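K.L.:
Input file: upload24.pdb. Contents: PDB, C-alpha atoms.
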```pdb
ATOM      1  CA  PHE A   1       0.000   0.000   0.000
ATOM      2  CA  LEU A   2       2.980   2.310   0.497
ATOM      3  CA  ILE A   3       3.692   2.356  -3.258
ATOM      4  CA  VAL A   4       0.026   3.032  -4.110
ATOM      5  CA  ALA A   5      -0.218   5.899  -1.628
ATOM      6  CA  TRP A   6       3.079   7.370  -2.833
ATOM      7  CA  MET A   7       2.017   7.185  -6.500
ATOM      8  CA  SER A   8      -1.228   8.940  -5.613
ATOM      9  CA  VAL A   9       0.718  11.780  -4.019
ATOM     10  CA  VAL A  10       3.097  12.066  -7.006
ATOM     11  CA  LEU A  11       0.361  11.960  -9.639
ATOM     12  CA  ALA A  12      -1.701  14.562  -7.814
ATOM     13  CA  GLY A  13       1.262  16.894  -7.366
ATOM     14  CA  LEU A  14       3.063  16.488 -10.695
ATOM     15  CA  GLY A  15      -0.246  16.157 -12.529
ATOM     16  CA  SER A  16      -1.377  19.497 -11.118
ATOM     17  CA  GLU A  17       1.659  21.095 -12.771
ATOM     18  CA  LEU A  18       0.821  19.467 -16.108
ATOM     19  CA  VAL A  19      -2.908  20.215 -15.972
ATOM     20  CA  LEU A  20      -3.055  23.572 -14.181
ATOM     21  CA  GLY A  21       0.466  24.905 -14.550
ATOM     22  CA  ARG A  22       0.119  26.632 -17.918
ATOM     23  CA  LEU A  23      -3.302  28.033 -17.053
ATOM     24  CA  ILE A  24      -2.046  29.405 -13.728
ATOM     25  CA  SER A  25       1.003  31.005 -15.344
ATOM     26  CA  LYS A  26      -0.981  32.560 -18.205
ATOM     27  CA  THR A  27      -3.594  33.961 -15.808
ATOM     28  CA  LEU A  28      -1.116  35.411 -13.327
ATOM     29  CA  ILE A  29       1.030  37.014 -16.054
ATOM     30  CA  GLN A  30      -1.979  39.054 -17.156
ATOM     31  CA  MET A  31      -2.562  40.270 -13.593
ATOM     32  CA  LYS A  32      -0.742  43.319 -12.294
ATOM     33  CA  HIS A  33       0.366  41.646  -9.059
ATOM     34  CA  GLY A  34       0.178  38.050 -10.187
ATOM     35  CA  TYR A  35       3.661  37.318  -8.882
ATOM     36  CA  ALA A  36       2.267  37.612  -5.318
ATOM     37  CA  ALA A  37       0.451  34.285  -5.750
ATOM     38  CA  TRP A  38       3.728  32.580  -6.638
ATOM     39  CA  HIS A  39       5.419  34.153  -3.622
ATOM     40  CA  PHE A  40       2.562  32.921  -1.420
ATOM     41  CA  ALA A  41       2.925  29.360  -2.747
ATOM     42  CA  GLN A  42       6.610  29.460  -1.865
ATOM     43  CA  LEU A  43       5.885  30.939   1.537
ATOM     44  CA  VAL A  44       3.391  28.262   2.655
ATOM     45  CA  PHE A  45       5.632  25.417   1.449
ATOM     46  CA  SER A  46       7.254  25.031   4.863
ATOM     47  CA  LEU A  47       3.909  25.117   6.696
ATOM     48  CA  LEU A  48       2.276  22.489   4.482
ATOM     49  CA  LEU A  49       5.301  20.185   4.719
ATOM     50  CA  THR A  50       5.381  20.603   8.489
ATOM     51  CA  VAL A  51       1.721  19.549   8.720
ATOM     52  CA  ALA A  52       2.400  16.554   6.487
ATOM     53  CA  PHE A  53       5.493  15.538   8.464
ATOM     54  CA  THR A  54       3.694  15.640  11.838
ATOM     55  CA  ALA A  55       0.481  13.956  10.625
ATOM     56  CA  ASN A  56      -0.281  10.464  11.936
ATOM     57  CA  ASP A  57      -2.729   9.446   9.202
ATOM     58  CA  GLY A  58      -3.572   9.906   5.544
ATOM     59  CA  ILE A  59      -4.644  13.534   6.023
ATOM     60  CA  GLY A  60      -0.999  14.514   5.773
ATOM     61  CA  LEU A  61      -0.804  13.199   2.204
ATOM     62  CA  PHE A  62      -3.030  16.017   0.923
ATOM     63  CA  PHE A  63      -0.789  18.706   2.445
ATOM     64  CA  LEU A  64       2.253  16.817   1.203
ATOM     65  CA  SER A  65       1.126  16.743  -2.427
ATOM     66  CA  PHE A  66      -0.022  20.342  -2.796
ATOM     67  CA  GLY A  67       2.696  21.748  -0.566
ATOM     68  CA  LEU A  68       5.583  19.945  -2.225
ATOM     69  CA  TRP A  69       4.432  20.788  -5.764
ATOM     70  CA  LYS A  70       3.399  24.315  -4.710
ATOM     71  CA  MET A  71      -0.309  24.019  -5.527
ATOM     72  CA  GLY A  72       0.151  23.416  -9.239
ATOM     73  CA  PHE A  73       2.699  26.080 -10.139
ATOM     74  CA  PRO A  74       4.802  24.586 -12.988
ATOM     75  CA  GLU A  75       8.145  24.758 -11.239
ATOM     76  CA  THR A  76       9.432  21.309 -12.221
ATOM     77  CA  VAL A  77       7.809  21.150 -15.657
ATOM     78  CA  SER A  78       8.993  24.624 -16.687
ATOM     79  CA  SER A  79      12.655  23.784 -16.041
ATOM     80  CA  LEU A  80      12.516  20.579 -18.076
ATOM     81  CA  ALA A  81      10.528  22.297 -20.847
ATOM     82  CA  ALA A  82      13.101  25.111 -20.989
ATOM     83  CA  PHE A  83      15.855  22.542 -21.537
ATOM     84  CA  GLN A  84      13.845  20.707 -24.184
ATOM     85  CA  LYS A  85      13.081  23.888 -26.148
ATOM     86  CA  SER A  86      16.615  25.279 -25.970
ATOM     87  CA  ALA A  87      18.469  25.331 -29.293
ATOM     88  CA  ARG A  88      21.867  24.716 -27.704
ATOM     89  CA  LYS A  89      21.545  21.736 -25.378
ATOM     90  CA  LEU A  90      25.118  21.988 -24.076
ATOM     91  CA  SER A  91      25.066  25.665 -23.170
ATOM     92  CA  PHE A  92      25.433  26.763 -19.555
ATOM     93  CA  ARG A  93      21.836  27.931 -19.351
ATOM     94  CA  SER A  94      20.384  24.739 -20.866
ATOM     95  CA  LEU A  95      22.406  22.494 -18.560
ATOM     96  CA  ALA A  96      21.331  24.638 -15.602
ATOM     97  CA  HIS A  97      17.663  24.035 -16.529
ATOM     98  CA  LEU A  98      18.307  20.317 -16.868
ATOM     99  CA  CYS A  99      20.057  20.028 -13.490
ATOM    100  CA  ASP A 100      17.341  22.099 -11.833
ATOM    101  CA  GLY A 101      14.501  20.035 -13.298
ATOM    102  CA  MET A 102      16.108  16.665 -12.567
ATOM    103  CA  GLY A 103      17.039  17.819  -9.069
ATOM    104  CA  MET A 104      13.442  18.832  -8.326
ATOM    105  CA  LEU A 105      12.081  15.537  -9.642
ATOM    106  CA  LEU A 106      14.492  13.528  -7.510
ATOM    107  CA  HIS A 107      13.955  15.764  -4.472
ATOM    108  CA  HIS A 108      10.152  15.653  -4.666
ATOM    109  CA  PHE A 109      10.004  11.912  -5.322
ATOM    110  CA  SER A 110      12.308  11.142  -2.392
ATOM    111  CA  THR A 111      10.638  13.553   0.027
ATOM    112  CA  SER A 112       7.135  12.401  -0.866
ATOM    113  CA  LEU A 113       8.072   8.744  -0.366
ATOM    114  CA  VAL A 114       9.707   9.414   2.996
ATOM    115  CA  ILE A 115       6.783  11.426   4.401
ATOM    116  CA  THR A 116       4.238   8.987   2.962
ATOM    117  CA  ALA A 117       6.032   6.190   4.831
ATOM    118  CA  ILE A 118       5.980   8.284   8.013
ATOM    119  CA  CYS A 119       2.254   8.998   7.679
ATOM    120  CA  LEU A 120       1.624   5.257   7.211
ATOM    121  CA  HIS A 121       3.874   4.424  10.202
ATOM    122  CA  ILE A 122       6.362   2.480   8.105
ATOM    123  CA  PHE A 123       9.230   4.881   8.873
ATOM    124  CA  PRO A 124       9.587   5.989  12.508
ATOM    125  CA  ARG A 125       9.632   9.691  13.276
ATOM    126  CA  ASN A 126      12.908   9.407  15.213
ATOM    127  CA  ARG A 127      15.894  11.726  15.507
ATOM    128  CA  ALA A 128      17.771  10.291  12.533
ATOM    129  CA  ILE A 129      14.973  10.997  10.064
ATOM    130  CA  THR A 130      13.863  14.256  11.712
ATOM    131  CA  ALA A 131      17.381  15.707  11.436
ATOM    132  CA  GLY A 132      17.315  15.201   7.659
ATOM    133  CA  CYS A 133      13.826  16.674   7.213
ATOM    134  CA  ILE A 134      13.976  19.760   9.398
ATOM    135  CA  VAL A 135      16.775  21.545   7.484
ATOM    136  CA  PRO A 136      14.979  21.616   4.072
ATOM    137  CA  ILE A 137      11.936  23.070   5.835
ATOM    138  CA  LEU A 138      14.162  25.808   7.273
ATOM    139  CA  GLN A 139      15.669  26.478   3.837
ATOM    140  CA  HIS A 140      12.255  27.236   2.389
ATOM    141  CA  LEU A 141      11.471  29.652   5.221
ATOM    142  CA  PHE A 142      13.987  32.123   3.751
ATOM    143  CA  VAL A 143      13.078  31.653   0.073
ATOM    144  CA  LEU A 144      11.526  35.129  -0.260
ATOM    145  CA  VAL A 145      14.771  36.779   0.861
ATOM    146  CA  LYS A 146      16.185  36.283  -2.657
ATOM    147  CA  TYR A 147      13.730  38.862  -4.016
ATOM    148  CA  HIS A 148      15.150  41.527  -1.686
ATOM    149  CA  ASN A 149      18.820  40.693  -1.104
ATOM    150  CA  ARG A 150      20.360  37.944  -3.174
ATOM    151  CA  VAL A 151      23.713  37.935  -1.358
ATOM    152  CA  ILE A 152      22.124  37.362   2.063
ATOM    153  CA  TYR A 153      19.891  34.669   0.563
ATOM    154  CA  ILE A 154      22.868  32.797  -0.918
ATOM    155  CA  LEU A 155      24.779  32.968   2.366
ATOM    156  CA  LEU A 156      21.782  31.672   4.343
ATOM    157  CA  GLU A 157      21.099  28.846   1.931
ATOM    158  CA  LEU A 158      24.746  27.783   1.766
ATOM    159  CA  GLY A 159      24.986  27.727   5.560
ATOM    160  CA  LEU A 160      21.818  25.631   5.870
ATOM    161  CA  GLU A 161      23.021  23.381   3.055
ATOM    162  CA  VAL A 162      26.230  22.579   4.924
ATOM    163  CA  TRP A 163      24.138  21.774   8.002
ATOM    164  CA  PHE A 164      21.869  19.513   5.929
ATOM    165  CA  GLN A 165      24.791  17.604   4.429
ATOM    166  CA  ILE A 166      26.325  17.033   7.867
ATOM    167  CA  GLU A 167      23.038  15.831   9.387
ATOM    168  CA  VAL A 168      22.285  13.364   6.581
ATOM    169  CA  ILE A 169      25.782  11.899   6.417
ATOM    170  CA  ALA A 170      26.033  11.628  10.212
ATOM    171  CA  ASN A 171      22.605  10.009  10.739
ATOM    172  CA  VAL A 172      22.127   7.834   7.658
ATOM    173  CA  ALA A 173      23.782   4.835   9.307
ATOM    174  CA  GLU A 174      21.660   5.209  12.457
ATOM    175  CA  PHE A 175      18.342   5.023  10.649
ATOM    176  CA  ASP A 176      16.411   1.834  11.355
ATOM    177  CA  SER A 177      12.846   1.311  10.203
ATOM    178  CA  GLY A 178      12.126  -1.606  12.517
ATOM    179  CA  TYR A 179      10.597  -3.554   9.589
ATOM    180  CA  GLY A 180      13.662  -5.342   8.408
ATOM    181  CA  LEU A 181      16.797  -4.558   6.449
ATOM    182  CA  ALA A 182      14.997  -4.017   3.123
ATOM    183  CA  ILE A 183      12.822  -1.186   4.461
ATOM    184  CA  THR A 184      15.788   0.239   6.373
ATOM    185  CA  ASN A 185      17.950   0.301   3.238
ATOM    186  CA  LEU A 186      15.089   1.957   1.369
ATOM    187  CA  GLY A 187      15.085   4.810   3.889
ATOM    188  CA  ARG A 188      18.869   5.150   3.749
ATOM    189  CA  GLY A 189      18.780   5.177  -0.050
ATOM    190  CA  LEU A 190      16.170   7.933  -0.019
ATOM    191  CA  ALA A 191      18.389  10.003   2.282
ATOM    192  CA  LEU A 192      21.317   9.644  -0.132
ATOM    193  CA  SER A 193      19.070  10.516  -3.083
ATOM    194  CA  MET A 194      18.200  13.733  -1.262
ATOM    195  CA  LEU A 195      21.913  14.534  -1.154
ATOM    196  CA  LEU A 196      22.155  13.929  -4.897
ATOM    197  CA  ALA A 197      19.172  16.218  -5.511
ATOM    198  CA  HIS A 198      20.850  19.008  -3.552
ATOM    199  CA  TYR A 199      24.075  18.485  -5.513
ATOM    200  CA  LEU A 200      22.060  18.965  -8.700
ATOM    201  CA  TYR A 201      20.646  22.188  -7.229
ATOM    202  CA  LEU A 202      24.168  23.424  -6.528
ATOM    203  CA  SER A 203      25.269  22.449 -10.042
ATOM    204  CA  SER A 204      22.337  24.349 -11.518
ATOM    205  CA  ALA A 205      23.204  27.466  -9.510
ATOM    206  CA  THR A 206      26.872  27.222 -10.535
ATOM    207  CA  LEU A 207      25.981  26.835 -14.214
ATOM    208  CA  GLY A 208      23.629  29.808 -13.956
ATOM    209  CA  ILE A 209      26.423  31.969 -12.541
ATOM    210  CA  ALA A 210      28.787  30.738 -15.267
ATOM    211  CA  ASP A 211      26.199  31.633 -17.905
ATOM    212  CA  ASP A 212      25.832  35.159 -16.493
ATOM    213  CA  VAL A 213      29.615  35.679 -16.430
ATOM    214  CA  TRP A 214      30.050  34.298 -19.949
ATOM    215  CA  GLY A 215      27.200  36.464 -21.200
ATOM    216  CA  LYS A 216      28.879  39.577 -19.803
ATOM    217  CA  ILE A 217      32.192  38.601 -21.411
ATOM    218  CA  CYS A 218      30.572  38.044 -24.808
ATOM    219  CA  LYS A 219      28.640  41.294 -24.486
ATOM    220  CA  GLY A 220      31.870  43.150 -23.708
ATOM    221  CA  LYS A 221      33.584  41.616 -26.751
ATOM    222  CA  LYS A 222      30.706  42.592 -29.017
ATOM    223  CA  GLN A 223      30.784  46.125 -27.625
ATOM    224  CA  ASP A 224      34.549  46.335 -28.240
ATOM    225  CA  GLU A 225      34.095  45.153 -31.828
ATOM    226  CA  LYS A 226      31.319  47.681 -32.318
ATOM    227  CA  ASN A 227      33.509  50.474 -30.954
ATOM    228  CA  GLU A 228      36.390  49.374 -33.175
ATOM    229  CA  LEU A 229      34.203  49.420 -36.274
ATOM    230  CA  SER A 230      32.905  52.835 -35.258
ATOM    231  CA  ASP A 231      36.470  54.116 -34.904
ATOM    232  CA  ILE A 232      37.339  52.738 -38.347
ATOM    233  CA  ASP A 233      34.316  54.436 -39.901
ATOM    234  CA  ASN A 234      35.221  57.727 -38.226
ATOM    235  CA  SER A 235      38.831  57.438 -39.424
ATOM    236  CA  GLN A 236      37.737  56.707 -42.979
ATOM    237  CA  GLY A 237      35.413  59.683 -42.848
ATOM    238  CA  ARG A 238      38.231  61.982 -41.720
ATOM    239  CA  ILE A 239      40.599  60.628 -44.399
ATOM    240  CA  THR A 240      37.969  61.091 -47.088
ATOM    241  CA  ALA A 241      37.418  64.678 -45.996
ATOM    242  CA  ILE A 242      41.171  65.343 -46.126
ATOM    243  CA  LEU A 243      41.630  63.769 -49.556
ATOM    244  CA  ASN A 244      38.882  65.918 -51.038
ATOM    245  CA  THR A 245      41.337  68.843 -51.219
ATOM    246  CA  SER A 246      44.698  68.884 -52.987
ATOM    247  CA  ASP A 247      46.472  70.634 -50.106
ATOM    248  CA  GLY A 248      44.943  68.192 -47.670
ATOM    249  CA  LEU A 249      46.271  65.256 -49.748
ATOM    250  CA  HIS A 250      49.841  66.578 -49.728
ATOM    251  CA  LYS A 251      49.623  67.271 -45.998
ATOM    252  CA  TRP A 252      48.227  63.814 -45.247
ATOM    253  CA  LEU A 253      50.947  62.095 -47.305
ATOM    254  CA  ALA A 254      53.623  64.142 -45.587
ATOM    255  CA  ASN A 255      52.280  63.297 -42.125
ATOM    256  CA  ASN A 256      52.160  59.583 -42.940
ATOM    257  CA  GLY A 257      55.690  59.371 -44.337
ATOM    258  CA  ALA A 258      54.730  59.137 -48.026
ATOM    259  CA  SER A 259      56.063  61.329 -50.827
ATOM    260  CA  ALA A 260      53.607  63.668 -52.444
ATOM    261  CA  PRO A 261      52.951  63.041 -56.155
ATOM    262  CA  ALA A 262      54.362  65.470 -58.665
ATOM    263  CA  LYS A 263      52.101  68.147 -59.985
ATOM    264  CA  ARG A 264      50.338  67.140 -63.132
ATOM    265  CA  ARG A 265      50.965  68.887 -66.388
ATOM    266  CA  SER A 266      48.630  68.643 -69.316
ATOM    267  CA  MET A 267      49.681  68.177 -72.943
ATOM    268  CA  SER A 268      47.317  68.940 -75.745
ATOM    269  CA  ALA A 269      48.127  67.062 -78.889
ATOM    270  CA  PRO A 270      46.778  67.647 -82.409
ATOM    271  CA  GLY A 271      44.331  65.072 -83.551
ATOM    272  CA  ILE A 272      42.845  64.705 -80.079
ATOM    273  CA  THR A 273      39.353  65.969 -79.400
ATOM    274  CA  HIS A 274      39.313  69.506 -78.110
ATOM    275  CA  GLY A 275      39.242  69.598 -74.336
ATOM    276  CA  SER A 276      40.801  66.152 -73.842
ATOM    277  CA  MET A 277      44.002  66.081 -71.844
ATOM    278  CA  LEU A 278      46.822  63.620 -71.673
ATOM    279  CA  ASP A 279      48.383  63.726 -68.258
ATOM    280  CA  ALA A 280      52.014  62.867 -68.177
ATOM    281  CA  GLU A 281      52.527  61.808 -64.571
ATOM    282  CA  THR A 282      55.986  61.036 -63.346
ATOM    283  CA  ASP A 283      56.749  59.026 -60.249
ATOM    284  CA  GLU A 284      59.927  59.320 -58.249
ATOM    285  CA  GLY A 285      62.701  57.230 -59.822
ATOM    286  CA  ILE A 286      60.971  56.834 -63.221
ATOM    287  CA  LYS A 287      62.134  58.906 -66.239
ATOM    288  CA  PRO A 288      59.531  60.859 -68.197
ATOM    289  CA  SER A 289      60.428  59.054 -71.426
ATOM    290  CA  THR A 290      59.466  55.727 -69.927
ATOM    291  CA  ASN A 291      55.995  56.879 -69.005
ATOM    292  CA  ARG A 292      53.532  55.300 -71.451
ATOM    293  CA  TRP A 293      51.202  58.266 -71.404
ATOM    294  CA  HIS A 294      54.115  60.593 -72.180
ATOM    295  CA  ARG A 295      55.243  58.433 -75.097
ATOM    296  CA  ALA A 296      51.713  58.263 -76.451
ATOM    297  CA  GLY A 297      51.479  62.070 -76.412
ATOM    298  CA  ARG A 298      54.785  62.516 -78.244
ATOM    299  CA  LYS A 299      53.825  59.978 -80.919
ATOM    300  CA  ALA A 300      50.485  61.709 -81.512
ATOM    301  CA  SER A 301      52.239  65.097 -81.842
ATOM    302  CA  ALA A 302      54.801  63.749 -84.351
ATOM    303  CA  GLN A 303      52.103  62.130 -86.474
ATOM    304  CA  ALA A 304      50.068  65.355 -86.558
ATOM    305  CA  SER A 305      53.131  67.407 -87.661
ATOM    306  CA  ALA A 306      53.918  64.962 -90.476
ATOM    307  CA  ASP A 307      50.357  65.100 -91.785
ATOM    308  CA  LYS A 308      50.440  68.893 -91.771
ATOM    309  CA  GLU A 309      53.698  69.058 -93.794
ATOM    310  CA  THR A 310      52.371  66.568 -96.310
ATOM    311  CA  GLN A 311      49.246  68.622 -96.898
ATOM    312  CA  GLY A 312      51.226  71.890 -97.356
ATOM    313  CA  ALA A 313      53.779  70.584 -99.989
ATOM    314  CA  PRO A 314      53.025  71.183-103.751
ATOM    315  CA  ARG A 315      52.065  68.161-105.815
ATOM    316  CA  ALA A 316      54.390  67.133-108.669
ATOM    317  CA  SER A 317      52.860  66.765-112.157
ATOM    318  CA  CYS A 318      53.994  64.217-114.733
ATOM    319  CA  THR A 319      53.321  64.626-118.434
ATOM    320  CA  VAL A 320      53.901  62.061-121.083
TER     321      VAL A 320
END
```
In structure tokens, how does this file's structure come out?
P.N.:
Amino acid sequence: FLIVAWMSVVLAGLGSELVLGRLISKTLIQMKHGYAAWHFAQLVFSLLLTVAFTANDGIGLFFLSFGLWKMGFPETVSSLAAFQKSARKLSFRSLAHLCDGMGMLLHHFSTSLVITAICLHIFPRNRAITAGCIVPILQHLFVLVKYHNRVIYILLELGLEVWFQIEVIANVAEFDSGYGLAITNLGRGLALSMLLAHYLYLSSATLGIADDVWGKICKGKKQDEKNELSDIDNSQGRITAILNTSDGLHKWLANNGASAPAKRRSMSAPGITHGSMLDAETDEGIKPSTNRWHRAGRKASAQASADKETQGAPRASCTV
């Protein structure tokens, strides 16, 4: 009957997240102070679990189910869904969602089975089991502190976490169900699974911090690249403005260690359309006669002079 009662608690709690979770979230998002309902569900967690832990009959199972799964708020389902929908499964943020979701599943399954066994008088409510259950209840008493001062919240939770680890490790060997070794080992295994769940919580928090740090680093790199491109654009704009003037060009070349080009001279050659210019540019170390534009101008001038002399000479007549 223990397994049947435990499955009833799990299906009622996890099923409430699947059935009511999306509706609750959608409704509260549209409300101005909808977040207050979520804060209230977190606040009464410790009270409902305390009632379930101290109950001596099946009444405690109702408080256990709706207290542990926070009255249908999709805490567990949302973490696993966030991992499933993430495009990069191996990113810090995706792995943080996975560790958080798996940690909550393991934590809720183990806690619900332990308290169900206590309510059905299969596990004794002795010091060994009470020491492992009281610290998680205390941890949830300070859950709303994170919305006001995150540093104080982290310090409180880490201190209580150390206490929880010490209590579980120190008392796990002393636990005895009184119903044989099989039931006793089941209780000890559930205590160790609670440790694993808390390790997954710590891993999720560490991955979340790593994701925040990495995001800031990447954002800084993108900002540096953006600033560098902006500086390049500004420099190109200044250079373009300088090169628009002849004096500015000579000044810019002189400042940057380059020799200024020689002044251009224009040569007008006969036979070339009026207004066209052949620029004979000379570079340092190159003779004018080797410049192809200069040679082309000289050839055109010589050809035009020859044609003019031919036209001006008298034609010879031949009579037979």
K.L.:
For segment 178-181 of chain A, work out the shell of residues within 12 Å, counting only C-alpha atoms and skipping chain neighbours fewer than 6 positions away, then give it as a list in words.
P.N.:
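In the requested form, the answer reads Ala117, His121, Ile122, Phe123, Pro124, Arg125, Asn126, Gly187, Arg188 and Gly189 of chain A.
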K.L.:
Need to verify the contact set: segment 11-15 of chain A, 10 Å, only C-alpha atoms, exclusion of same-chain residues closer than 2 positions in sequence. Can you return it as a JSON list (two decimals) with C-alpha atoms, keeping the file's coordinate frame?
P.N.:
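Saved result, result_9.json, follows:
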```json
[["chain", "number", "residue", "atom", "x", "y", "z"],
["A", 6, "TRP", "CA", 3.08, 7.37, -2.83],
["A", 7, "MET", "CA", 2.02, 7.18, -6.50],
["A", 8, "SER", "CA", -1.23, 8.94, -5.61],
["A", 9, "VAL", "CA", 0.72, 11.78, -4.02],
["A", 17, "GLU", "CA", 1.66, 21.10, -12.77],
["A", 18, "LEU", "CA", 0.82, 19.47, -16.11],
["A", 19, "VAL", "CA", -2.91, 20.22, -15.97],
["A", 20, "LEU", "CA", -3.06, 23.57, -14.18],
["A", 21, "GLY", "CA", 0.47, 24.90, -14.55],
["A", 62, "PHE", "CA", -3.03, 16.02, 0.92],
["A", 64, "LEU", "CA", 2.25, 16.82, 1.20],
["A", 65, "SER", "CA", 1.13, 16.74, -2.43],
["A", 66, "PHE", "CA", -0.02, 20.34, -2.80],
["A", 67, "GLY", "CA", 2.70, 21.75, -0.57],
["A", 68, "LEU", "CA", 5.58, 19.94, -2.22],
["A", 69, "TRP", "CA", 4.43, 20.79, -5.76],
["A", 70, "LYS", "CA", 3.40, 24.32, -4.71],
["A", 71, "MET", "CA", -0.31, 24.02, -5.53],
["A", 72, "GLY", "CA", 0.15, 23.42, -9.24],
["A", 73, "PHE", "CA", 2.70, 26.08, -10.14],
["A", 74, "PRO", "CA", 4.80, 24.59, -12.99],
["A", 75, "GLU", "CA", 8.14, 24.76, -11.24],
["A", 76, "THR", "CA", 9.43, 21.31, -12.22],
["A", 77, "VAL", "CA", 7.81, 21.15, -15.66],
["A", 105, "LEU", "CA", 12.08, 15.54, -9.64],
["A", 108, "HIS", "CA", 10.15, 15.65, -4.67],
["A", 109, "PHE", "CA", 10.00, 11.91, -5.32],
["A", 112, "SER", "CA", 7.14, 12.40, -0.87]]
```
K.L.:
So, counting only C-alpha atoms, which residue among A:Met104, A:Val172, A:Ile24, A:Val145 is closest to Leu202 of chain A?
P.N.:
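Of all the options, A:Met104 lies closest to Leu202 of chain A.
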K.L.:
Using only C-alpha atoms, which of the listed residues (A:Ser110, A:Trp38, A:Leu192, A:Phe83) sits closest to Ala170 of chain A?
P.N.:
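Checking each of A:Ser110, A:Trp38, A:Leu192, A:Phe83 against Ala170 of chain A, counting only C-alpha atoms, the winner is A:Leu192.
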K.L.:
Please write as an NGL selection string the full residue list that the PyMOL selection byres ((chain A and resi 47) around 12) yields on this file.
P.N.:
:A and (40-46 or 48-54 or 60 or 63-64 or 66-68 or 70 or 134 or 136-138 or 140-141)
K.L.:
Could you please determine the separation between atom CA of Ser79 of chain A and atom CA of Gly101 of chain A in Å, to one decimal place?
P.N.:
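Atom CA of Gly101 of chain A lies 5.0 Å from atom CA of Ser79 of chain A.
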K.L.:
Which of these residues is nearest to Val114 of chain A, using all atoms listed in the file: A:Cys133, A:His198, A:Ala128, A:Tyr153?
P.N.:
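Residue with the minimum atom-to-atom distance to Val114 of chain A: A:Cys133.
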K.L.:
State, in Å with one decimal place, the distance from atom CA of Ile118 of chain A to atom CA of Asp57 of chain A.
P.N.:
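Between these atoms lies a distance of 8.9 Å.
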K.L.:
Quick one, how far is atom CA of Leu98 of chain A from atom CA of Gln84 of chain A?
P.N.:
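Separation between atom CA of Leu98 of chain A and atom CA of Gln84 of chain A: 8.6 Å.
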K.L.:
Residues picked by the PyMOL selection byres ((chain A and resi 206) around 12) here, as a CSV table (one decimal) with C-alpha atoms, keeping the file's coordinate frame?
P.N.:
```csv
chain,number,residue,atom,x,y,z
A,92,PHE,CA,25.4,26.8,-19.6
A,93,ARG,CA,21.8,27.9,-19.4
A,95,LEU,CA,22.4,22.5,-18.6
A,96,ALA,CA,21.3,24.6,-15.6
A,97,HIS,CA,17.7,24.0,-16.5
A,99,CYS,CA,20.1,20.0,-13.5
A,100,ASP,CA,17.3,22.1,-11.8
A,154,ILE,CA,22.9,32.8,-0.9
A,199,TYR,CA,24.1,18.5,-5.5
A,200,LEU,CA,22.1,19.0,-8.7
A,201,TYR,CA,20.6,22.2,-7.2
A,202,LEU,CA,24.2,23.4,-6.5
A,203,SER,CA,25.3,22.4,-10.0
A,204,SER,CA,22.3,24.3,-11.5
A,205,ALA,CA,23.2,27.5,-9.5
A,207,LEU,CA,26.0,26.8,-14.2
A,208,GLY,CA,23.6,29.8,-14.0
A,209,ILE,CA,26.4,32.0,-12.5
A,210,ALA,CA,28.8,30.7,-15.3
A,211,ASP,CA,26.2,31.6,-17.9
A,212,ASP,CA,25.8,35.2,-16.5
A,213,VAL,CA,29.6,35.7,-16.4
```
K.L.:
Just the residues within 8 Å of Gly132 of chain A, please, counting all atoms listed in the file, with nothing from its chain fewer than 5 positions along; format it as a list in words.
P.N.:
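These residues fall inside the cut-off: Phe164, Glu167, Val168 and Ala191 of chain A.
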K.L.:
Output, as AutoDock Vina command-line options, the centre and edge lengths in Å (one decimal) of the axis-aligned box that contains all listed atoms of segment 30-42 of chain A with 3 Å of margin on each side.
P.N.:
```
--center_x 2.0 --center_y 36.3 --center_z -9.3 --size_x 15.2 --size_y 20.0 --size_z 21.7
```
